Amino acid sequence: MEEMEEELKCPVCGSFYREPIILPCSHSICLACARNILVQTPDADSPQSRRASGVSDYDYLDLDKMSLYSEADSGYGSYGGFASAPTTPCQKSPNGVRVFPPVMPPPPHHHLHHPHAASLLHVPRNSCITCPQCHRSLILDERGLRGFAKNRVLEGVIDRYQQSKAAALKCQLCEKIPKEATVMCEQCDVFYCEPCRLRCHPPRGPLAKHRLVPPAQGRVSRRLSPRKIATCTDHELENHSMYCVQCKMPVCYQCLEEGKHSSHEVKALGAMWKLHKSQLSQALNGLSDRAREAKEFLVQLRNMVQQIQENSVEFEACLVAQCDALIDALNRRKIQLLARVNKEHEHKLKVVRDQISHCTVKLRQTTGLMEYCLEVIKENDPSGFLQISDALIRRVHLTEDQWGKGTLTPKMTTDFDLNLDSAPLLQTIHQLDFVQMKVPSAVPAPPILQLEECCTDNNSATLSWKQPPLSAVQVEGYILELDDGNGGQFREVFVGKETMCTVDGLHFNSTYNARVKGFNKAGVSQYSKTLVLQTSEVAWFAFDTSSAHSDIIFSNDNLTVTCNSYDDRVVLGKTGFSKGIHYWELTIDRYDNHPDPAFGVARLDVVKDMMLGKDDKAWAMYVDNNRSWFMHNNSHTNRTEGGIAKGATIGVLLDFTRRSLTFSINEDQQGPVAFENLEGLFFPAVSLNRNVQVTLHTGLPIPEFYTRASMQP
């Protein structure tokens, strides 16, 4: 939306349009600004003399003959030698347009109600106005500025844009901290957040007929009165009802019966409105594709800058290594060669950065025009839309043509096609120079793993690699392979052009072997050296906000959860397990009215709006203040005495080696419970309602009571 702001500002004053009018050239200007840039013309060019000579109103003037526009200062001037031309110095607006001192209006008449109506509508006799954007001039008729139609569509777009920039509205029904409102009911006149809307304003019964609108639109409907119906500029009491195809403007019935449109082809206003909206939408589709390509092109150019930087550093290092290996005479030549590399480096960067700057400006203009056109399409004012639709369609097609062939092609490559020829003997050192590198098709050299950038975090591993500095063979992509963490066969985990990859979902406390190879059209390189990676012995994780039920409330960096519903809701941990032994604990921070929360493990697709363990995707222990039960697929077993209270600690131990799930309450073991089908990925899980709050503790060692139990026969 920010790119569109330039479309909403007057080219004269530089501010948002105020009471914009549409000039015959299809450009808009503030009514007050139009009054300020008026100049008077000689009597020979008055409307009366032009009618006598057969010239129609609003004919454009010859800028060269009239000397209205000066290329030297990009401003507007009055006619030289004309007695009524302003003699005081003119000022320039923020956009460089010359603004003349306003002509003093005649004494106000009693029938003008607006305090500034006289100064805005009255214009000097034989006045001329020049468009500040296309510099086309025209002479006004006796109606003056009242002869120009108001751009109501532009006013509507500006109103919506300014409302969207205002502060976000808050929900009026939230009990504690008000959330940001998502809708406003026009009948209830209340702003709702999404949870409050579902709870207090369900879409059924009588409420189903209520109209819900976005908050900004609701605020506008509160503040703004309905827009007036468009009226004809020639017949102010008549509404626009038809569209003149020849003149390309809305007209009224009186224009067809009495005016200059009587013999013109006309069509229904609504039909032409829909037709032009369709044409503008189709034109925007092509421009949208160009804008998307331009964004991708900018990303490519920015990546080229980084690649040029990296290639330059590697090339300099290679050059220094070769020069240092030669005799002292090479050191004198080395300085000259480095200068050549730096010059090539700066040249490449300059070309790419210049292209980035040019493309960024053009994309900003294109995006602004697109957003403005989309806002114009939303307007429901047919006549106002049709007043500007032709010009917008032409601008969209013109802008699309500017993204023509060659515009989105880099002007510079990232490679340094240079090679240092170190074969000559010492007596030819003074002739040493770069030679252009033309490498025949060859298999890439084995990549080099960058050990300083390779690391593991929890159960994920990040690997980084690069091509050898002396290798000039083009590489099209890389293949990263890992074994199964148990000395098994390697498998491909990544194929692409990037030189860094993060692999998630590995087993905890496991040792993995990693290797990478490059490929191009000629074939596949040999493998790099094998890198050994050790994942974390214990799991560190928090609750997962993305998969949790919407009623779950998170805090403490997503380690503490509660619920805003009296029904049980499920939340999962962010890390899944499929191998090894894992232990975590949960402390009861709040426990009111003796609810029965459940703790255990679940698959990712577990049902999240009922107690954990009621479906076949979860295994859990649910517990109240007196006793606990194990539950899976709504089957209750293993009833055990002993409940929980505020401050209690629940331990959960998942053992894939013994295929069991063990619970403890304040280190008092409950279980273990055997798994029947322990295959796949399991996530720590909790179900609770608003009467319970728990905090998760991870990265814990296996408790001693379980270690002792596992050692017993």
# chains A, B, ... in the order shown; residues from 1 in each chain; ligands from 1

call {"tool": "residues_around", "arguments": {"residues": "stretch 485-488 of chain A", "least_positions_apart": "4", "cutoff": "10 Å", "atoms": "only C-alpha atoms", "output": "PyMOL selection string"}}
result
chain A and resi 506-514+532-535

call {"tool": "select_by_dssp", "arguments": {"residues": "stretch 176-291 of chain A", "states": "strand (DSSP E or B)", "output": "MDAnalysis selection string"}}
result
chainID A and resid 180 183:185 190:192 212:213 231 239 242:244 249:251 266:268

call {"tool": "residues_around", "arguments": {"residues": "A:Arg302", "least_positions_apart": "6", "cutoff": "12 Å", "atoms": "only C-alpha atoms", "output": "PyMOL selection string"}}
result
chain A and resi 295-296+308-309+349+352-357+359-360+410+414

call {"tool": "select_by_dssp", "arguments": {"residues": "stretch 202-391 of chain A", "states": "alpha helix (DSSP H)", "output": "PyMOL selection string"}}
result
chain A and resi 215-223+253-258+269-325+328-377+382-391

call {"tool": "atom_distance", "arguments": {"atom1": "atom CA of A:Tyr583", "atom2": "atom CA of A:Leu681"}}
result
15.6 Å

call {"tool": "residues_around", "arguments": {"residues": "A:Thr657", "least_positions_apart": "5", "cutoff": "9 Å", "atoms": "only C-alpha atoms", "output": "ChimeraX atom specification"}}
result
/A:579-581

call {"tool": "write_last_selection", "arguments": {"atoms": "all heavy atoms", "output": "PDB file, in the first residue's frame"}}
result
ATOM      1  N   LYS A 579      12.780 -42.307  18.152  1.00  0.00           N
ATOM      2  CA  LYS A 579      13.849 -43.225  18.528  1.00  0.00           C
ATOM      3  C   LYS A 579      14.442 -42.765  19.851  1.00  0.00           C
ATOM      4  O   LYS A 579      14.485 -41.569  20.152  1.00  0.00           O
ATOM      5  CB  LYS A 579      14.924 -43.245  17.433  1.00  0.00           C
ATOM      6  CG  LYS A 579      16.133 -44.111  17.736  1.00  0.00           C
ATOM      7  CD  LYS A 579      17.178 -43.975  16.630  1.00  0.00           C
ATOM      8  CE  LYS A 579      18.445 -44.740  16.975  1.00  0.00           C
ATOM      9  NZ  LYS A 579      19.498 -44.571  15.949  1.00  0.00           N
ATOM     10  N   GLY A 580      14.921 -43.709  20.692  1.00  0.00           N
ATOM     11  CA  GLY A 580      15.635 -43.361  21.912  1.00  0.00           C
ATOM     12  C   GLY A 580      14.736 -43.277  23.132  1.00  0.00           C
ATOM     13  O   GLY A 580      13.579 -43.709  23.132  1.00  0.00           O
ATOM     14  N   ILE A 581      15.282 -42.676  24.206  1.00  0.00           N
ATOM     15  CA  ILE A 581      14.570 -42.499  25.476  1.00  0.00           C
ATOM     16  C   ILE A 581      14.510 -41.000  25.765  1.00  0.00           C
ATOM     17  O   ILE A 581      15.542 -40.316  25.717  1.00  0.00           O
ATOM     18  CB  ILE A 581      15.279 -43.236  26.632  1.00  0.00           C
ATOM     19  CG1 ILE A 581      15.448 -44.725  26.291  1.00  0.00           C
ATOM     20  CG2 ILE A 581      14.498 -43.075  27.928  1.00  0.00           C
ATOM     21  CD1 ILE A 581      16.243 -45.498  27.327  1.00  0.00           C
TER      22      ILE A 581
END

call {"tool": "residues_around", "arguments": {"residues": "A:Phe494", "least_positions_apart": "2", "cutoff": "10 Å", "atoms": "only C-alpha atoms", "output": "list of chain:residue names"}}
result
A:Tyr478, A:Ile479, A:Leu480, A:Glu481, A:Leu482, A:Arg491, A:Glu492, A:Gly496, A:Lys497, A:Glu498, A:Met500, A:Cys501, A:Thr502, A:Val503, A:Val516

call {"tool": "write_last_selection", "arguments": {"atoms": "all heavy atoms", "output": "short mmCIF file (atom, residue, chain, number, x, y, z; two decimals), in the first residue's frame"}}
result
data_model
loop_
_atom_site.label_atom_id
_atom_site.label_comp_id
_atom_site.auth_asym_id
_atom_site.auth_seq_id
_atom_site.Cartn_x
_atom_site.Cartn_y
_atom_site.Cartn_z
N TYR A 478 24.14 -29.18 -6.11
CA TYR A 478 24.81 -30.05 -5.15
C TYR A 478 23.83 -31.09 -4.61
O TYR A 478 22.60 -30.87 -4.59
CB TYR A 478 25.38 -29.24 -3.98
CG TYR A 478 26.39 -28.19 -4.40
CD1 TYR A 478 25.98 -26.89 -4.68
CD2 TYR A 478 27.74 -28.50 -4.51
CE1 TYR A 478 26.89 -25.92 -5.08
CE2 TYR A 478 28.66 -27.54 -4.90
CZ TYR A 478 28.23 -26.25 -5.19
OH TYR A 478 29.14 -25.31 -5.58
N ILE A 479 24.39 -32.22 -4.16
CA ILE A 479 23.59 -33.30 -3.56
C ILE A 479 24.17 -33.57 -2.18
O ILE A 479 25.35 -33.93 -2.05
CB ILE A 479 23.62 -34.57 -4.42
CG1 ILE A 479 23.06 -34.28 -5.82
CG2 ILE A 479 22.83 -35.68 -3.74
CD1 ILE A 479 23.19 -35.45 -6.78
N LEU A 480 23.35 -33.40 -1.13
CA LEU A 480 23.77 -33.66 0.24
C LEU A 480 23.19 -34.99 0.68
O LEU A 480 21.99 -35.25 0.49
CB LEU A 480 23.28 -32.54 1.17
CG LEU A 480 23.54 -32.72 2.66
CD1 LEU A 480 25.04 -32.76 2.96
CD2 LEU A 480 22.85 -31.62 3.47
N GLU A 481 24.04 -35.84 1.29
CA GLU A 481 23.61 -37.16 1.73
C GLU A 481 23.94 -37.35 3.21
O GLU A 481 24.98 -36.90 3.69
CB GLU A 481 24.29 -38.26 0.91
CG GLU A 481 23.94 -38.24 -0.57
CD GLU A 481 24.62 -39.36 -1.35
OE1 GLU A 481 25.41 -40.11 -0.71
OE2 GLU A 481 24.36 -39.50 -2.55
N LEU A 482 23.02 -38.02 3.94
CA LEU A 482 23.21 -38.40 5.35
C LEU A 482 22.89 -39.87 5.50
O LEU A 482 22.04 -40.41 4.76
CB LEU A 482 22.30 -37.59 6.27
CG LEU A 482 22.90 -36.37 6.97
CD1 LEU A 482 23.17 -35.27 5.96
CD2 LEU A 482 21.96 -35.86 8.06
N ARG A 491 21.50 -41.58 2.27
CA ARG A 491 20.31 -41.21 1.49
C ARG A 491 20.37 -39.72 1.19
O ARG A 491 20.92 -38.93 1.97
CB ARG A 491 19.03 -41.55 2.25
CG ARG A 491 18.95 -40.91 3.63
CD ARG A 491 17.76 -41.42 4.43
NE ARG A 491 17.75 -40.88 5.78
CZ ARG A 491 17.15 -39.74 6.12
NH1 ARG A 491 16.51 -39.04 5.20
NH2 ARG A 491 17.18 -39.31 7.37
N GLU A 492 19.80 -39.33 0.06
CA GLU A 492 19.79 -37.92 -0.33
C GLU A 492 18.79 -37.15 0.53
O GLU A 492 17.64 -37.55 0.67
CB GLU A 492 19.41 -37.77 -1.80
CG GLU A 492 20.44 -38.34 -2.76
CD GLU A 492 20.05 -38.11 -4.22
OE1 GLU A 492 18.99 -37.47 -4.44
OE2 GLU A 492 20.78 -38.55 -5.12
N GLY A 496 20.05 -29.11 -4.80
CA GLY A 496 19.78 -27.73 -5.19
C GLY A 496 21.06 -26.94 -5.41
O GLY A 496 22.17 -27.47 -5.30
N LYS A 497 20.88 -25.65 -5.70
CA LYS A 497 22.01 -24.78 -6.00
C LYS A 497 22.62 -24.16 -4.75
O LYS A 497 23.75 -23.67 -4.79
CB LYS A 497 21.56 -23.66 -6.94
CG LYS A 497 21.11 -24.13 -8.31
CD LYS A 497 20.71 -22.97 -9.20
CE LYS A 497 20.29 -23.44 -10.58
NZ LYS A 497 19.91 -22.29 -11.46
N GLU A 498 21.87 -24.13 -3.63
CA GLU A 498 22.39 -23.49 -2.43
C GLU A 498 23.59 -24.25 -1.86
O GLU A 498 23.76 -25.45 -2.10
CB GLU A 498 21.30 -23.40 -1.35
CG GLU A 498 20.18 -22.43 -1.68
CD GLU A 498 19.20 -22.98 -2.68
OE1 GLU A 498 19.31 -24.18 -3.00
OE2 GLU A 498 18.34 -22.22 -3.16
N MET A 500 24.22 -24.21 1.51
CA MET A 500 23.95 -24.40 2.94
C MET A 500 22.59 -25.07 3.07
O MET A 500 21.65 -24.76 2.35
CB MET A 500 23.98 -23.07 3.70
CG MET A 500 23.67 -23.22 5.19
SD MET A 500 23.85 -21.67 6.12
CE MET A 500 25.63 -21.54 6.14
N CYS A 501 22.48 -26.01 4.01
CA CYS A 501 21.23 -26.74 4.20
C CYS A 501 21.09 -27.12 5.67
O CYS A 501 22.06 -27.52 6.31
CB CYS A 501 21.19 -27.98 3.31
SG CYS A 501 19.73 -29.02 3.54
N THR A 502 19.85 -27.00 6.19
CA THR A 502 19.53 -27.44 7.54
C THR A 502 18.58 -28.62 7.46
O THR A 502 17.52 -28.53 6.83
CB THR A 502 18.89 -26.31 8.36
OG1 THR A 502 19.81 -25.23 8.49
CG2 THR A 502 18.52 -26.79 9.75
N VAL A 503 18.96 -29.73 8.08
CA VAL A 503 18.16 -30.96 8.07
C VAL A 503 17.51 -31.11 9.44
O VAL A 503 18.21 -31.19 10.47
CB VAL A 503 19.04 -32.18 7.74
CG1 VAL A 503 18.17 -33.44 7.65
CG2 VAL A 503 19.79 -31.96 6.44
N VAL A 516 28.79 -34.46 0.62
CA VAL A 516 28.15 -33.67 -0.43
C VAL A 516 28.96 -33.83 -1.72
O VAL A 516 30.18 -34.04 -1.68
CB VAL A 516 28.04 -32.18 -0.01
CG1 VAL A 516 29.41 -31.56 0.17
CG2 VAL A 516 27.22 -31.39 -1.02
#

call {"tool": "residues_around", "arguments": {"residues": "stretch 552-560 of chain A", "least_positions_apart": "2", "cutoff": "8 Å", "atoms": "only C-alpha atoms", "output": "list of chain:residue names"}}
result
A:Ala542, A:Phe543, A:Asp544, A:Thr545, A:Ala548, A:His549, A:Ser550, A:Thr562, A:Cys563, A:Asn564, A:Arg569, A:Val570, A:Val571, A:Gln693, A:Val694, A:Thr695, A:Leu696, A:His697

call {"tool": "write_last_selection", "arguments": {"atoms": "C-alpha atoms", "output": "tab-separated table (two decimals), in the first residue's frame"}}
result
chain	number	residue	atom	x	y	z
A	542	ALA	CA	8.68	-25.60	23.91
A	543	PHE	CA	4.99	-25.85	23.12
A	544	ASP	CA	4.03	-25.48	19.44
A	545	THR	CA	1.84	-22.42	18.77
A	548	ALA	CA	-2.33	-25.88	19.07
A	549	HIS	CA	-6.06	-25.30	19.50
A	550	SER	CA	-7.06	-21.65	19.21
A	562	THR	CA	-3.46	-22.48	29.97
A	563	CYS	CA	-6.82	-22.26	28.22
A	564	ASN	CA	-9.69	-19.77	27.92
A	569	ARG	CA	-8.06	-28.41	24.57
A	570	VAL	CA	-4.87	-30.10	23.30
A	571	VAL	CA	-1.43	-28.54	22.76
A	693	GLN	CA	-1.98	-23.82	34.07
A	694	VAL	CA	1.20	-25.87	33.53
A	695	THR	CA	4.85	-25.10	32.73
A	696	LEU	CA	7.06	-27.37	30.63
A	697	HIS	CA	10.62	-28.36	31.65

call {"tool": "closest_residue", "arguments": {"among": "A:Ala442, A:Val686, A:Cys196, A:Val493", "to": "A:Thr462", "atoms": "only C-alpha atoms"}}
result
A:Val493

call {"tool": "residues_around", "arguments": {"residues": "A:Leu363", "least_positions_apart": "2", "cutoff": "12 Å", "atoms": "only C-alpha atoms", "output": "compact mmCIF listing (two decimals) with N, CA and C atoms, in the first residue's frame"}}
result
# COMPACT_ATOMS: atom_id res chain seq x y z
N GLU A 3 3.52 1.94 -1.66
CA GLU A 3 3.92 2.35 -3.00
C GLU A 3 2.83 3.14 -3.70
N MET A 4 1.56 2.90 -3.30
CA MET A 4 0.45 3.57 -3.95
C MET A 4 0.34 5.03 -3.52
N LEU A 287 0.28 -6.94 -16.05
CA LEU A 287 1.22 -6.11 -15.28
C LEU A 287 1.64 -6.80 -13.99
N SER A 288 0.70 -7.55 -13.38
CA SER A 288 1.04 -8.28 -12.16
C SER A 288 2.11 -9.31 -12.42
N ASP A 289 2.02 -10.00 -13.58
CA ASP A 289 3.07 -10.98 -13.92
C ASP A 289 4.42 -10.29 -14.07
N ARG A 290 4.42 -9.12 -14.70
CA ARG A 290 5.67 -8.38 -14.86
C ARG A 290 6.23 -7.96 -13.51
N ALA A 291 5.35 -7.51 -12.61
CA ALA A 291 5.82 -7.09 -11.28
C ALA A 291 6.41 -8.26 -10.51
N ARG A 292 5.77 -9.44 -10.64
CA ARG A 292 6.30 -10.61 -9.96
C ARG A 292 7.66 -11.00 -10.53
N GLU A 293 7.78 -10.94 -11.85
CA GLU A 293 9.08 -11.23 -12.47
C GLU A 293 10.13 -10.22 -12.04
N ALA A 294 9.70 -8.96 -11.89
CA ALA A 294 10.66 -7.93 -11.48
C ALA A 294 11.14 -8.17 -10.06
N LYS A 295 10.24 -8.61 -9.16
CA LYS A 295 10.65 -8.91 -7.79
C LYS A 295 11.66 -10.06 -7.78
N GLU A 296 11.36 -11.10 -8.55
CA GLU A 296 12.31 -12.22 -8.62
C GLU A 296 13.63 -11.78 -9.23
N PHE A 297 13.55 -10.88 -10.19
CA PHE A 297 14.77 -10.38 -10.82
C PHE A 297 15.61 -9.58 -9.83
N LEU A 298 14.94 -8.78 -8.98
CA LEU A 298 15.67 -8.02 -7.96
C LEU A 298 16.37 -8.95 -6.97
N GLN A 355 21.80 -1.33 -12.11
CA GLN A 355 20.61 -2.01 -12.62
C GLN A 355 19.60 -2.24 -11.49
N ILE A 356 20.08 -2.54 -10.28
CA ILE A 356 19.18 -2.70 -9.13
C ILE A 356 18.44 -1.41 -8.86
N SER A 357 19.17 -0.30 -8.84
CA SER A 357 18.55 1.00 -8.57
C SER A 357 17.48 1.32 -9.61
N HIS A 358 17.82 1.10 -10.89
CA HIS A 358 16.86 1.41 -11.95
C HIS A 358 15.62 0.52 -11.85
N CYS A 359 15.84 -0.78 -11.61
CA CYS A 359 14.72 -1.71 -11.54
C CYS A 359 13.86 -1.46 -10.30
N THR A 360 14.49 -1.07 -9.18
CA THR A 360 13.74 -0.80 -7.95
C THR A 360 12.79 0.38 -8.13
N VAL A 361 13.28 1.43 -8.75
CA VAL A 361 12.43 2.60 -9.00
C VAL A 361 11.26 2.23 -9.90
N GLN A 365 7.17 2.16 -8.92
CA GLN A 365 6.13 2.85 -9.68
C GLN A 365 5.07 1.86 -10.16
N THR A 366 5.53 0.69 -10.63
CA THR A 366 4.57 -0.32 -11.11
C THR A 366 3.68 -0.81 -9.97
N THR A 367 4.26 -1.10 -8.79
CA THR A 367 3.48 -1.57 -7.66
C THR A 367 2.48 -0.51 -7.21
N GLY A 368 2.92 0.75 -7.17
CA GLY A 368 2.01 1.82 -6.80
C GLY A 368 0.84 1.93 -7.75
N LEU A 369 1.12 1.83 -9.06
CA LEU A 369 0.04 1.90 -10.04
C LEU A 369 -0.90 0.71 -9.88
N MET A 370 -0.35 -0.48 -9.64
CA MET A 370 -1.20 -1.66 -9.46
C MET A 370 -2.12 -1.51 -8.25
N THR A 399 2.98 0.75 -18.93
CA THR A 399 3.93 0.27 -17.92
C THR A 399 4.35 -1.16 -18.19
N GLU A 400 3.39 -1.99 -18.64
CA GLU A 400 3.74 -3.38 -18.96
C GLU A 400 4.73 -3.44 -20.11
N GLN A 402 6.93 -1.30 -20.76
CA GLN A 402 8.26 -0.86 -20.30
C GLN A 402 9.06 -1.99 -19.69
N TRP A 403 8.35 -3.07 -19.23
CA TRP A 403 9.05 -4.26 -18.73
C TRP A 403 9.29 -5.23 -19.89
N THR A 407 14.71 -6.08 -20.26
CA THR A 407 14.70 -5.29 -19.03
C THR A 407 15.03 -6.16 -17.83
N LEU A 408 14.57 -7.42 -17.83
CA LEU A 408 14.77 -8.31 -16.70
C LEU A 408 15.89 -9.31 -16.97
